[in-house]
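So this one's input11.cif, mmCIF, C-alpha atoms:
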```cif
data_entry
loop_
_atom_site.label_atom_id
_atom_site.label_comp_id
_atom_site.auth_asym_id
_atom_site.auth_seq_id
_atom_site.Cartn_x
_atom_site.Cartn_y
_atom_site.Cartn_z
CA MET A 1 -42.94 -17.52 9.05
CA ASP A 2 -46.01 -16.36 10.97
CA GLN A 3 -48.82 -16.55 8.40
CA GLY A 4 -50.62 -13.63 10.03
CA LYS A 5 -47.64 -11.32 9.83
CA ARG A 6 -47.59 -8.48 7.33
CA LEU A 7 -45.12 -9.25 4.54
CA LEU A 8 -42.59 -6.68 3.30
CA PRO A 9 -41.05 -8.03 0.10
CA MET A 10 -37.79 -7.67 -1.77
CA ARG A 11 -36.76 -9.26 -5.06
CA TRP A 12 -33.47 -11.01 -4.40
CA PRO A 13 -30.74 -10.26 -6.99
CA ALA A 14 -30.06 -13.36 -9.10
CA ALA A 15 -26.31 -12.77 -8.82
CA TRP A 16 -26.37 -13.02 -5.02
CA ARG A 17 -25.89 -16.74 -4.36
CA GLU A 18 -24.17 -16.61 -0.98
CA PRO A 19 -26.49 -17.25 2.00
CA SER A 20 -24.21 -15.05 4.12
CA ARG A 21 -25.73 -12.00 2.42
CA LEU A 22 -28.93 -12.60 4.40
CA SER A 23 -27.23 -11.32 7.55
CA ALA A 24 -27.58 -7.74 6.22
CA LEU A 25 -31.37 -8.06 6.66
CA GLU A 26 -31.28 -9.22 10.28
CA GLY A 27 -33.41 -6.92 12.41
CA GLU A 28 -34.73 -5.05 9.37
CA ALA A 29 -38.28 -4.66 8.07
CA ILE A 30 -37.86 -6.98 5.07
CA ASN A 31 -39.32 -10.41 5.81
CA CYS A 32 -40.24 -11.76 2.36
CA LEU A 33 -37.75 -12.59 -0.41
CA LEU A 34 -38.85 -13.19 -3.99
CA PHE A 35 -36.50 -15.16 -6.26
CA ASP A 36 -36.64 -14.62 -10.02
CA ASP A 37 -34.38 -17.68 -10.42
CA PRO A 38 -35.14 -20.03 -7.48
CA THR A 39 -32.93 -22.79 -8.90
CA ALA A 40 -29.79 -20.67 -9.14
CA CYS A 41 -30.41 -19.23 -5.66
CA ALA A 42 -31.58 -22.49 -4.08
CA SER A 43 -29.09 -22.36 -1.20
CA VAL A 44 -30.06 -18.77 -0.37
CA ARG A 45 -33.74 -19.67 -0.53
CA GLN A 46 -33.29 -22.58 1.88
CA ALA A 47 -31.25 -20.44 4.27
CA ALA A 48 -33.93 -17.74 4.11
CA LEU A 49 -36.61 -20.27 5.06
CA ARG A 50 -34.55 -21.42 8.03
CA ARG A 51 -34.22 -17.81 9.20
CA GLY A 52 -37.98 -17.28 9.07
CA PHE A 53 -38.33 -15.37 5.78
CA ALA A 54 -41.26 -15.99 3.47
CA VAL A 55 -39.94 -16.90 0.02
CA GLU A 56 -42.96 -16.49 -2.25
CA GLN A 57 -45.92 -14.25 -2.80
CA PRO A 58 -49.08 -15.40 -0.95
CA GLU A 59 -52.17 -16.10 -3.04
CA THR A 60 -54.07 -13.42 -1.16
CA VAL A 61 -51.80 -10.63 -2.42
CA VAL A 62 -52.85 -8.48 -5.37
CA ARG A 63 -49.68 -7.57 -7.24
CA ILE A 64 -49.39 -4.65 -9.66
CA ALA A 65 -46.76 -6.32 -11.81
CA GLU A 66 -45.94 -3.38 -14.08
CA GLY A 67 -46.09 -0.35 -11.86
CA VAL A 68 -44.60 2.96 -12.93
CA TRP A 69 -41.51 4.44 -11.33
CA PRO A 70 -42.87 7.43 -9.37
CA GLY A 71 -41.62 10.91 -10.16
CA LEU A 72 -41.95 13.76 -12.60
CA VAL A 73 -42.23 12.77 -16.24
CA ARG A 74 -39.40 14.05 -18.37
CA GLN A 75 -40.28 16.82 -20.80
CA GLU A 76 -39.76 14.71 -23.92
CA ARG A 77 -42.28 12.17 -22.57
CA GLN A 78 -44.64 14.84 -21.32
CA ARG A 79 -44.98 16.33 -24.81
CA GLY A 80 -46.31 12.99 -26.05
CA ALA A 81 -48.63 12.38 -23.09
CA GLU A 82 -52.31 11.89 -23.85
CA ALA A 83 -53.64 14.69 -21.71
CA ALA A 84 -54.47 18.35 -21.85
CA PRO A 85 -51.90 20.89 -20.65
CA THR A 86 -52.29 21.90 -17.02
CA GLY A 87 -49.32 24.18 -16.42
CA ASN A 88 -48.16 21.79 -13.68
CA PRO A 89 -45.50 19.12 -14.08
CA TRP A 90 -46.73 15.70 -15.20
CA VAL A 91 -46.52 13.12 -12.43
CA ASP A 92 -46.15 9.35 -12.61
CA SER A 93 -47.69 7.64 -9.58
CA ASN A 94 -49.13 4.23 -8.72
CA GLY A 95 -51.71 5.68 -6.33
CA TRP A 96 -54.72 5.35 -8.64
CA ARG A 97 -53.75 1.78 -9.57
CA VAL A 98 -53.54 0.86 -5.89
CA ARG A 99 -56.95 2.37 -5.18
CA LEU A 100 -58.49 0.55 -8.15
CA GLU A 101 -57.14 -2.81 -6.96
CA GLN A 102 -58.39 -2.06 -3.44
CA CYS A 103 -61.80 -1.37 -4.99
CA ARG A 104 -61.71 -4.68 -6.89
CA ALA A 105 -60.41 -6.77 -3.99
CA PRO A 106 -61.36 -5.09 -0.69
CA GLY A 107 -59.23 -6.12 2.25
CA LYS A 108 -56.50 -7.84 0.22
CA PRO A 109 -52.87 -6.61 0.45
CA VAL A 110 -51.64 -4.78 -2.66
CA TRP A 111 -48.01 -4.93 -3.79
CA VAL A 112 -46.49 -2.56 -6.33
CA ASP A 113 -43.67 -3.96 -8.46
CA ALA A 114 -41.94 -1.18 -10.40
CA ALA A 115 -38.51 -1.67 -11.97
CA LEU A 116 -35.97 1.12 -11.79
CA PRO A 117 -35.66 3.09 -15.05
CA LYS A 118 -32.64 1.87 -17.00
CA ASP A 119 -30.89 5.24 -16.80
CA LEU A 120 -31.50 5.77 -13.07
CA PRO A 121 -28.99 3.52 -11.19
CA PRO A 122 -25.87 5.63 -11.92
CA MET A 123 -27.59 8.67 -10.37
CA LEU A 124 -29.68 6.79 -7.80
CA ARG A 125 -30.23 8.80 -4.61
CA PRO A 126 -31.96 7.95 -1.32
CA ALA A 127 -34.80 10.26 -2.31
CA HIS A 128 -35.64 8.12 -5.36
CA LEU A 129 -36.11 5.03 -3.19
CA ALA A 130 -37.91 6.89 -0.40
CA LEU A 131 -40.43 8.23 -2.90
CA ALA A 132 -41.04 4.74 -4.32
CA VAL A 133 -41.80 3.47 -0.81
CA ALA A 134 -44.01 6.47 0.03
CA ASP A 135 -45.89 6.41 -3.29
CA ALA A 136 -47.19 2.94 -2.42
CA ALA A 137 -47.41 3.24 1.38
CA ALA A 138 -49.46 6.45 1.34
CA TYR A 139 -52.25 4.47 -0.32
CA GLY A 140 -51.89 1.46 2.00
CA ALA A 141 -49.88 -0.67 -0.44
CA THR A 142 -46.40 -2.21 -0.25
CA TRP A 143 -43.54 -1.52 -2.64
CA VAL A 144 -41.57 -4.56 -3.78
CA ILE A 145 -37.90 -3.58 -3.52
CA PRO A 146 -36.27 -4.34 -6.88
CA PRO A 147 -32.60 -5.24 -7.43
CA TRP A 148 -30.27 -2.87 -9.23
CA ASP A 149 -26.65 -2.81 -10.38
CA GLY A 150 -24.34 -2.17 -7.45
CA MET A 151 -27.02 -2.82 -4.84
CA ASP A 152 -25.52 -3.03 -1.36
CA LEU A 153 -27.81 -3.62 1.62
CA ALA A 154 -25.26 -2.11 4.00
CA SER A 155 -24.89 1.12 2.02
CA PRO A 156 -26.31 4.49 3.21
CA LEU A 157 -28.60 4.35 0.18
CA CYS A 158 -30.26 1.13 1.36
CA ARG A 159 -30.18 2.20 5.01
CA GLU A 160 -32.42 5.18 4.24
CA LEU A 161 -34.67 2.96 2.13
CA LEU A 162 -35.16 0.59 5.07
CA GLN A 163 -35.70 3.50 7.46
CA THR A 164 -38.47 4.83 5.22
CA ILE A 165 -40.16 1.43 5.27
CA GLN A 166 -39.87 1.39 9.07
CA PHE A 167 -41.40 4.89 9.22
CA PHE A 168 -44.61 3.63 7.61
CA GLU A 169 -44.60 0.37 9.56
CA ALA A 170 -44.43 2.38 12.79
CA ARG A 171 -47.67 4.06 11.65
CA ALA A 172 -49.58 0.92 10.75
CA GLU A 173 -52.73 2.56 12.10
CA TRP A 174 -52.83 4.75 9.01
CA ARG A 175 -53.66 1.68 6.92
CA SER A 176 -57.00 1.46 8.74
CA PHE A 177 -57.97 4.95 7.53
CA SER A 178 -60.36 5.14 4.57
CA PRO A 179 -60.39 7.61 1.68
CA TRP A 180 -62.01 10.95 2.56
CA ALA A 181 -64.26 11.57 -0.41
CA ARG A 182 -67.09 13.72 -1.68
CA LEU A 183 -67.29 12.15 -5.17
CA GLY A 184 -67.98 8.53 -6.07
CA ILE A 185 -66.60 7.33 -9.42
CA VAL A 186 -68.59 4.36 -10.72
CA SER A 187 -67.36 2.01 -13.46
CA ASP A 188 -66.60 -1.65 -14.05
CA PHE A 189 -63.12 -0.46 -15.18
CA ALA A 190 -62.99 -3.31 -17.70
CA GLY A 191 -63.28 -3.92 -21.44
CA ASP A 192 -64.38 -0.82 -23.32
CA ASN A 193 -64.50 1.08 -20.01
CA GLU A 194 -60.98 0.23 -18.88
CA PHE A 195 -59.12 3.15 -20.46
CA MET A 196 -61.63 5.86 -19.59
CA GLY A 197 -62.20 4.56 -16.07
CA GLY A 198 -58.52 4.15 -15.24
CA GLU A 199 -57.47 7.49 -16.69
CA VAL A 200 -60.24 9.37 -14.90
CA LEU A 201 -59.03 7.87 -11.60
CA ASN A 202 -55.45 8.78 -12.54
CA LEU A 203 -56.27 12.38 -13.44
CA ALA A 204 -58.66 12.87 -10.53
CA THR A 205 -55.83 11.78 -8.21
CA ARG A 206 -53.41 14.24 -9.82
CA ARG A 207 -55.76 17.17 -9.37
CA GLY A 208 -56.44 16.34 -5.72
CA LEU A 209 -60.09 15.48 -6.34
CA ALA A 210 -61.21 13.45 -3.32
CA TYR A 211 -63.04 10.41 -4.72
CA ARG A 212 -64.14 6.89 -3.86
CA ALA A 213 -63.91 4.30 -6.66
CA LEU A 214 -66.97 2.03 -6.84
CA LEU A 215 -67.78 -1.01 -8.92
CA PRO A 216 -71.43 -1.11 -10.07
CA ALA A 217 -72.24 -3.93 -7.64
CA ALA A 218 -70.86 -1.82 -4.76
CA VAL A 219 -73.30 1.03 -5.34
CA THR A 220 -75.35 0.80 -2.17
CA ALA A 221 -76.80 3.35 0.18
CA ALA A 222 -74.06 2.53 2.71
CA ASN A 223 -71.25 3.05 0.18
CA LEU A 224 -72.74 6.35 -1.00
CA ARG A 225 -72.94 7.73 2.51
CA GLY A 226 -70.93 10.93 2.89
CA LEU A 227 -70.71 11.58 -0.86
CA HIS A 228 -72.08 14.75 -2.44
CA GLY A 229 -71.64 13.69 -6.06
CA LEU A 230 -71.57 10.56 -8.21
CA LEU A 231 -69.76 10.28 -11.55
CA HIS A 232 -71.22 7.32 -13.46
CA LEU A 233 -68.71 6.71 -16.26
CA ASP A 234 -70.19 3.66 -17.97
CA SER A 235 -73.01 3.96 -20.48
CA LYS A 236 -74.63 0.78 -19.12
CA PRO A 237 -77.28 2.00 -16.67
CA PRO A 238 -77.48 0.71 -13.11
CA THR A 239 -80.17 -1.84 -12.35
CA GLY A 240 -81.90 -3.34 -9.33
CA PRO A 241 -80.62 -2.25 -5.90
CA ALA A 242 -77.88 -0.08 -7.46
CA LEU A 243 -80.44 1.90 -9.45
CA ALA A 244 -82.59 2.35 -6.35
CA ALA A 245 -79.55 3.57 -4.40
CA VAL A 246 -78.59 6.07 -7.13
CA LYS A 247 -82.12 7.45 -7.41
CA ALA A 248 -82.41 7.83 -3.64
CA PHE A 249 -79.01 9.54 -3.55
CA VAL A 250 -80.02 12.14 -6.15
CA GLU A 251 -83.50 12.72 -4.78
CA ALA A 252 -82.02 13.38 -1.33
CA GLY A 253 -79.81 16.17 -2.71
CA GLY A 254 -76.86 14.49 -4.41
CA LEU A 255 -75.33 15.34 -7.80
CA LEU A 256 -75.27 12.67 -10.51
CA ILE A 257 -72.98 13.18 -13.52
CA ALA A 258 -73.91 10.56 -16.10
CA PRO A 259 -74.16 9.89 -19.85
CA ALA A 260 -77.46 9.98 -21.73
CA GLU A 261 -78.11 6.23 -21.32
CA VAL A 262 -78.18 6.69 -17.54
CA ALA A 263 -79.78 10.15 -17.50
CA LYS A 264 -82.89 8.90 -19.34
CA LEU A 265 -83.77 6.77 -16.31
CA PHE A 266 -84.80 9.97 -14.53
CA PRO A 267 -88.01 11.86 -15.28
CA ALA A 268 -87.79 14.88 -17.55
CA ALA A 269 -87.41 18.20 -15.77
CA PRO A 270 -86.57 21.76 -16.79
CA ALA A 271 -82.86 22.46 -17.16
CA VAL A 272 -81.24 24.86 -14.71
CA SER A 273 -80.09 28.19 -16.06
CA ASP A 274 -76.43 28.88 -16.83
CA PRO A 275 -75.15 25.27 -16.73
CA PRO A 276 -71.41 24.54 -17.07
CA HIS A 277 -70.15 24.44 -20.66
CA GLY A 278 -70.87 21.12 -22.36
CA TYR A 279 -73.54 19.91 -19.92
CA ARG A 280 -77.29 19.92 -19.48
CA VAL A 281 -78.16 20.19 -15.80
CA ARG A 282 -81.64 19.61 -14.41
CA ARG A 283 -83.23 19.29 -11.01
CA VAL A 284 -84.33 15.90 -9.72
CA ALA A 285 -86.22 16.37 -6.46
CA LYS A 286 -83.59 17.92 -4.12
CA GLY A 287 -80.64 16.91 -6.29
CA ARG A 288 -79.16 17.58 -9.71
CA LEU A 289 -78.48 15.53 -12.83
CA ALA A 290 -75.66 16.65 -15.15
CA GLU A 291 -75.63 15.08 -18.61
CA PRO A 292 -72.84 15.75 -21.15
CA LEU A 293 -74.08 17.20 -24.44
CA GLU A 294 -71.57 15.02 -26.32
CA ALA A 295 -70.23 11.57 -25.49
CA TRP A 296 -67.14 11.65 -23.27
CA SER A 297 -63.85 11.04 -25.06
CA ASP A 298 -61.16 12.92 -23.11
CA PRO A 299 -60.61 11.64 -19.54
CA TYR A 300 -58.77 14.84 -18.61
CA LEU A 301 -61.88 16.90 -19.35
CA VAL A 302 -64.14 14.39 -17.59
CA ALA A 303 -62.11 14.68 -14.38
CA ALA A 304 -61.89 18.47 -14.64
CA ASP A 305 -65.62 18.83 -15.39
CA ALA A 306 -66.52 16.59 -12.46
CA HIS A 307 -64.45 18.80 -10.15
CA THR A 308 -66.19 21.91 -11.51
CA LEU A 309 -69.69 20.44 -11.28
CA LEU A 310 -69.11 19.18 -7.74
CA SER A 311 -67.51 22.55 -6.84
CA ARG A 312 -64.25 23.10 -5.02
CA ARG A 313 -66.31 24.04 -1.99
CA ASN A 314 -66.40 20.30 -1.41
CA ASP A 315 -62.60 20.04 -1.18
CA TYR A 316 -61.47 19.35 2.36
CA ALA A 317 -58.36 21.51 2.00
CA ALA A 318 -57.00 24.04 -0.45
CA ILE A 319 -53.27 23.62 -1.08
CA TYR A 320 -51.16 26.35 -2.64
CA ASN A 321 -47.74 26.15 -4.36
CA ALA A 322 -48.00 22.37 -4.53
CA SER A 323 -47.55 21.74 -8.25
CA SER A 324 -45.39 18.62 -7.77
CA VAL A 325 -47.29 17.35 -4.70
CA VAL A 326 -50.24 14.96 -5.11
CA PRO A 327 -52.36 15.10 -1.91
CA TYR A 328 -54.40 12.14 -0.71
CA ASN A 329 -56.95 12.61 2.08
CA GLN A 330 -58.04 9.91 4.50
CA ARG A 331 -60.29 9.73 7.56
CA SER A 332 -59.78 7.64 10.70
CA PRO A 333 -62.33 4.91 11.47
CA ASP A 334 -63.84 6.97 14.28
CA GLY A 335 -64.09 10.05 12.04
CA LYS A 336 -62.13 12.24 14.43
CA ARG A 337 -58.87 12.57 12.50
CA THR A 338 -58.05 13.48 8.91
CA LEU A 339 -54.78 12.49 7.30
CA ILE A 340 -53.34 14.31 4.27
CA HIS A 341 -50.47 12.52 2.55
CA LEU A 342 -48.16 14.91 0.67
CA PRO A 343 -45.64 13.03 -1.48
CA ASN A 344 -43.46 15.44 -3.45
CA TYR A 345 -42.66 13.98 -6.86
CA ALA A 346 -40.07 16.66 -7.64
CA LEU A 347 -37.87 15.23 -4.84
CA ARG A 348 -36.95 18.73 -3.78
CA ALA A 349 -38.51 21.62 -1.92
CA ASN A 350 -39.06 25.03 -3.46
CA PRO A 351 -37.99 27.57 -0.80
CA GLY A 352 -39.03 30.46 -3.05
CA GLN A 353 -42.64 29.25 -3.05
CA PRO A 354 -43.40 27.58 0.28
CA MET A 355 -46.51 25.44 0.42
CA SER A 356 -49.51 26.64 2.42
CA ILE A 357 -52.76 24.87 3.23
CA ARG A 358 -56.21 26.23 4.02
CA LEU A 359 -58.15 24.01 6.43
CA PRO A 360 -61.68 24.08 7.89
CA ALA A 361 -62.28 26.45 10.80
CA SER A 362 -63.15 23.48 13.03
CA VAL A 363 -59.58 22.12 12.99
CA LYS A 364 -58.02 22.11 16.46
CA ARG A 365 -54.55 20.68 15.99
CA VAL A 366 -52.19 19.66 13.15
CA ARG A 367 -49.23 17.31 13.52
CA TRP A 368 -46.62 17.19 10.76
CA TYR A 369 -44.74 13.99 9.89
CA VAL A 370 -41.73 13.76 7.59
CA ALA A 371 -40.29 10.41 6.43
CA PRO A 372 -38.09 8.87 7.70
CA VAL A 373 -38.04 11.03 10.87
CA ASN A 374 -40.00 9.38 13.68
CA GLU A 375 -40.98 12.45 15.70
CA ALA A 376 -44.05 14.50 14.78
CA ARG A 377 -44.11 18.27 15.05
CA GLU A 378 -47.16 20.39 15.81
CA LEU A 379 -47.66 23.23 13.34
CA PRO A 380 -49.19 26.61 14.27
CA LEU A 381 -52.54 27.51 12.73
CA THR A 382 -53.52 31.01 11.63
CA PRO A 383 -57.28 31.44 12.07
CA THR A 384 -59.33 33.68 9.78
CA GLU A 385 -63.05 34.41 9.69
CA SER A 386 -64.09 31.21 7.89
CA TYR A 387 -61.06 28.88 7.81
CA GLN A 388 -57.58 28.29 9.16
CA GLU A 389 -54.28 28.39 7.33
CA LEU A 390 -50.85 26.98 7.96
CA GLN A 391 -47.48 27.33 6.30
CA LEU A 392 -45.72 24.06 5.58
CA PRO A 393 -41.97 23.71 6.14
CA ASP A 394 -39.88 22.50 3.20
CA THR A 395 -40.42 18.82 2.43
CA PRO A 396 -38.22 17.22 -0.23
CA VAL A 397 -39.88 13.77 -0.53
CA TYR A 398 -42.81 12.91 1.75
CA SER A 399 -44.74 14.49 4.60
CA ALA A 400 -48.17 14.03 6.11
CA LEU A 401 -50.56 16.12 8.16
CA GLU A 402 -52.60 14.43 10.88
CA ILE A 403 -55.48 16.75 11.71
CA ASP A 404 -57.81 16.82 14.71
#
```
Could I get this file's structure written as structure tokens?
Amino acid sequence: MDQGKRLLPMRWPAAWREPSRLSALEGEAINCLLFDDPTACASVRQAALRRGFAVEQPETVVRIAEGVWPGLVRQERQRGAEAAPTGNPWVDSNGWRVRLEQCRAPGKPVWVDAALPKDLPPMLRPAHLALAVADAAAYGATWVIPPWDGMDLASPLCRELLQTIQFFEARAEWRSFSPWARLGIVSDFAGDNEFMGGEVLNLATRRGLAYRALLPAAVTAANLRGLHGLLHLDSKPPTGPALAAVKAFVEAGGLLIAPAEVAKLFPAAPAVSDPPHGYRVRRVAKGRLAEPLEAWSDPYLVAADAHTLLSRRNDYAAIYNASSVVPYNQRSPDGKRTLIHLPNYALRANPGQPMSIRLPASVKRVRWYVAPVNEARELPLTPTESYQELQLPDTPVYSALEID
């Protein structure tokens, strides 16, 4: 196995002990097999090695071992969810977990291992598997294909799964794109800060808030470039170079949303009139400092308040009729292209309420991709005085807009 080659993993079913089954993967994207019981499948493992497959997870891979199965949360679970009502369906996604691991281990491959729900296999459809692939791939991660009862690599179900993987592999360039963000979310995401930090990332993702996750040590002038706001979740104040970077960011015109322990590092100044409910906002040189009047306790409100304080004017795009779609914006390394991933967690389109998107007036061209179709389609733009709008065709599982 070429050690520099990108690995695409599958957990081999323990009941499959015939090496002949490997022939179904010839010419396919899968090139790494993981064995839960290597002893029982020893002959398959040896045959896989001879055929050039990797047979274990490399040390460099960050593996999310207990990922969620992506999709809409059932109503009985939604009623018990720890979040405020939004009117939109509740979505399970691994996107925020992937982004957090990418923040912790920059440059390392991330794998998402999510077992199928116990009640899903009898009603398993290609869309379920395509969404699992897309939910990881949209964020630059790799989904570990799990085994299930009745799994057949030659079946139409698995054929579409493999085609979806190939769709993303054919667009490997997208993995070089970085998050398009106007808000930095700073936390160590550990210990007492783990729940709040993780849930704020989760809920910010669900509401389409374009953010960049930052560990305290990564708060530098370079990493704050392009941001308009900074949400400092931890009560432990920044120190040294990080503190200097935060102060320079605010004084140059940025917004800092921070608890009292951090806010006291800035000189006293008169509060602005008519601040958002629950916050004291004051001017600091050219920027603003927003301090909550009470300690944060509800991550849903923290994410919502951050979006309000930053203002939706900082959103790259406004998406309408997208209640089950969780957008994720990225920017190409040269800054000339924007990519909006649009996974649809309902697994079905809503023809009665077609999705539309409002884009900046500077946009020149939009190409629409739909997995697993390989051809892109250019969509017509409708210009208005200050922006452009486009209507999106029905997309049951995953689509993306590449914007010039």
request  = Pull out every residue that the PyMOL selection byres ((chain A and resi 187) around 10) matches in the shown coordinates and put them as number ranges by chain.
outcome  = A: 184-186, 188-190, 193-194, 196-198, 213-217, 231-236
Store the residues of this selection in a file with C-alpha atoms, as an mmCIF file, keeping the file's coordinate frame.
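Writing the result to part-v3.cif gives the following:
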```
data_model
loop_
_atom_site.group_PDB
_atom_site.id
_atom_site.type_symbol
_atom_site.label_atom_id
_atom_site.label_comp_id
_atom_site.auth_asym_id
_atom_site.auth_seq_id
_atom_site.Cartn_x
_atom_site.Cartn_y
_atom_site.Cartn_z
ATOM 1 C CA GLY A 184 -67.980 8.530 -6.070
ATOM 2 C CA ILE A 185 -66.600 7.330 -9.420
ATOM 3 C CA VAL A 186 -68.590 4.360 -10.720
ATOM 4 C CA ASP A 188 -66.600 -1.650 -14.050
ATOM 5 C CA PHE A 189 -63.120 -0.460 -15.180
ATOM 6 C CA ALA A 190 -62.990 -3.310 -17.700
ATOM 7 C CA ASN A 193 -64.500 1.080 -20.010
ATOM 8 C CA GLU A 194 -60.980 0.230 -18.880
ATOM 9 C CA MET A 196 -61.630 5.860 -19.590
ATOM 10 C CA GLY A 197 -62.200 4.560 -16.070
ATOM 11 C CA GLY A 198 -58.520 4.150 -15.240
ATOM 12 C CA ALA A 213 -63.910 4.300 -6.660
ATOM 13 C CA LEU A 214 -66.970 2.030 -6.840
ATOM 14 C CA LEU A 215 -67.780 -1.010 -8.920
ATOM 15 C CA PRO A 216 -71.430 -1.110 -10.070
ATOM 16 C CA ALA A 217 -72.240 -3.930 -7.640
ATOM 17 C CA LEU A 231 -69.760 10.280 -11.550
ATOM 18 C CA HIS A 232 -71.220 7.320 -13.460
ATOM 19 C CA LEU A 233 -68.710 6.710 -16.260
ATOM 20 C CA ASP A 234 -70.190 3.660 -17.970
ATOM 21 C CA SER A 235 -73.010 3.960 -20.480
ATOM 22 C CA LYS A 236 -74.630 0.780 -19.120
#
```
query = Of the candidates A:Val326, A:Val366, A:Leu161, A:Val373, which shows the shortest atom-to-atom distance to Asp92 in chain A, using only C-alpha atoms?
reply =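 Nearest candidate to Asp92 in chain A out of A:Val326, A:Val366, A:Leu161, A:Val373: A:Val326.
Across the model, the gap from CA of Leu100 in chain A to CA of Gly278 in chain A is 27.9 Å.
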query = Hey, what's within 10 Å of Leu209 in chain A if we count all atoms listed in the file and toss same-chain stuff fewer than 2 positions away? As a ChimeraX atom specification, please?
reply = /A:181-183,201,203-207,211-212,303-304,306-307,310,312,314-316,326-329
message = Taking the file as I've supplied it (selection: the PyMOL selection byres ((chain A and resi 275) around 12)), which residues are included? Please answer as a VMD selection string.
response = chain A and resid 270 to 274 276 to 283 288 to 293 305 308 to 309
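One finds CA of Tyr139 in chain A at 27.7 Å from CA of Ser155 in chain A.
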key: Residues matched by the PyMOL selection byres ((chain A and resi 251) around 9) as a ChimeraX atom specification   = /A:246-250,252-254,284-288
task = Please provide the set of residues having any atom within 10 Å of Ser362 in chain A, restricted to all atoms listed in the file, with same-chain residues fewer than 6 positions apart removed, written as a list in words.
result = Pro383, Ser386, Tyr387, Gln388 and Asp404 of chain A
key: Straight-line distance linking CA of Leu7 in chain A with CA of Pro38 in chain A, stated in Å to one decimal   = 19.0 Å
query = Smallest atom-to-atom distance to Leu230 in chain A: which of A:Glu28, A:Ala258, A:Glu402, A:Pro89, using all atoms listed in the file?
reply = A:Ala258
If we count only C-alpha atoms and set the cut-off at 10 Å, which residues sit around Arg21 in chain A, ignoring sequence neighbours fewer than 6 positions away in its own chain? Please answer as a compact mmCIF listing (two decimals) with C-alpha atoms, in the frame of the given file.
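As a result, out.txt now contains:
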```txt
# COMPACT_ATOMS: atom_id res chain seq x y z
CA VAL A 44 -30.06 -18.77 -0.37
CA ASP A 152 -25.52 -3.03 -1.36
CA LEU A 153 -27.81 -3.62 1.62
```
ask   = So which residues are close to (-35.1, -13.5, -3.1), meaning at most 9 Å away in the file's coordinates with only C-alpha atoms counted, and can you show them as number ranges by chain?
value = A: 9-14, 16, 32-38, 41, 44-45, 48, 55-56
request  = Take the point (-48.8, 20.2, 12.5) as written in the file and pick out every residue within 7 Å of it, counting only C-alpha atoms; give the list as a ChimeraX atom specification.
outcome  = /A:365-368,377-380,401
request  = For Glu169 in chain A, please output as a VMD selection string all residues within 12 Å (counting only C-alpha atoms; exclusion window: fewer than 4 positions along the same chain).
outcome  = chain A and resid 6 to 8 28 to 30 133 to 134 137 to 138 140 to 142 162 to 165 173 to 175 371 to 372 374
Selected residue, from A:Trp69, A:Phe177, A:Phe53, A:Tyr300, that lies nearest to Val144 in chain A when counting only C-alpha atoms =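 Ranking A:Trp69, A:Phe177, A:Phe53, A:Tyr300 by distance to Val144 in chain A, first place goes to A:Trp69.
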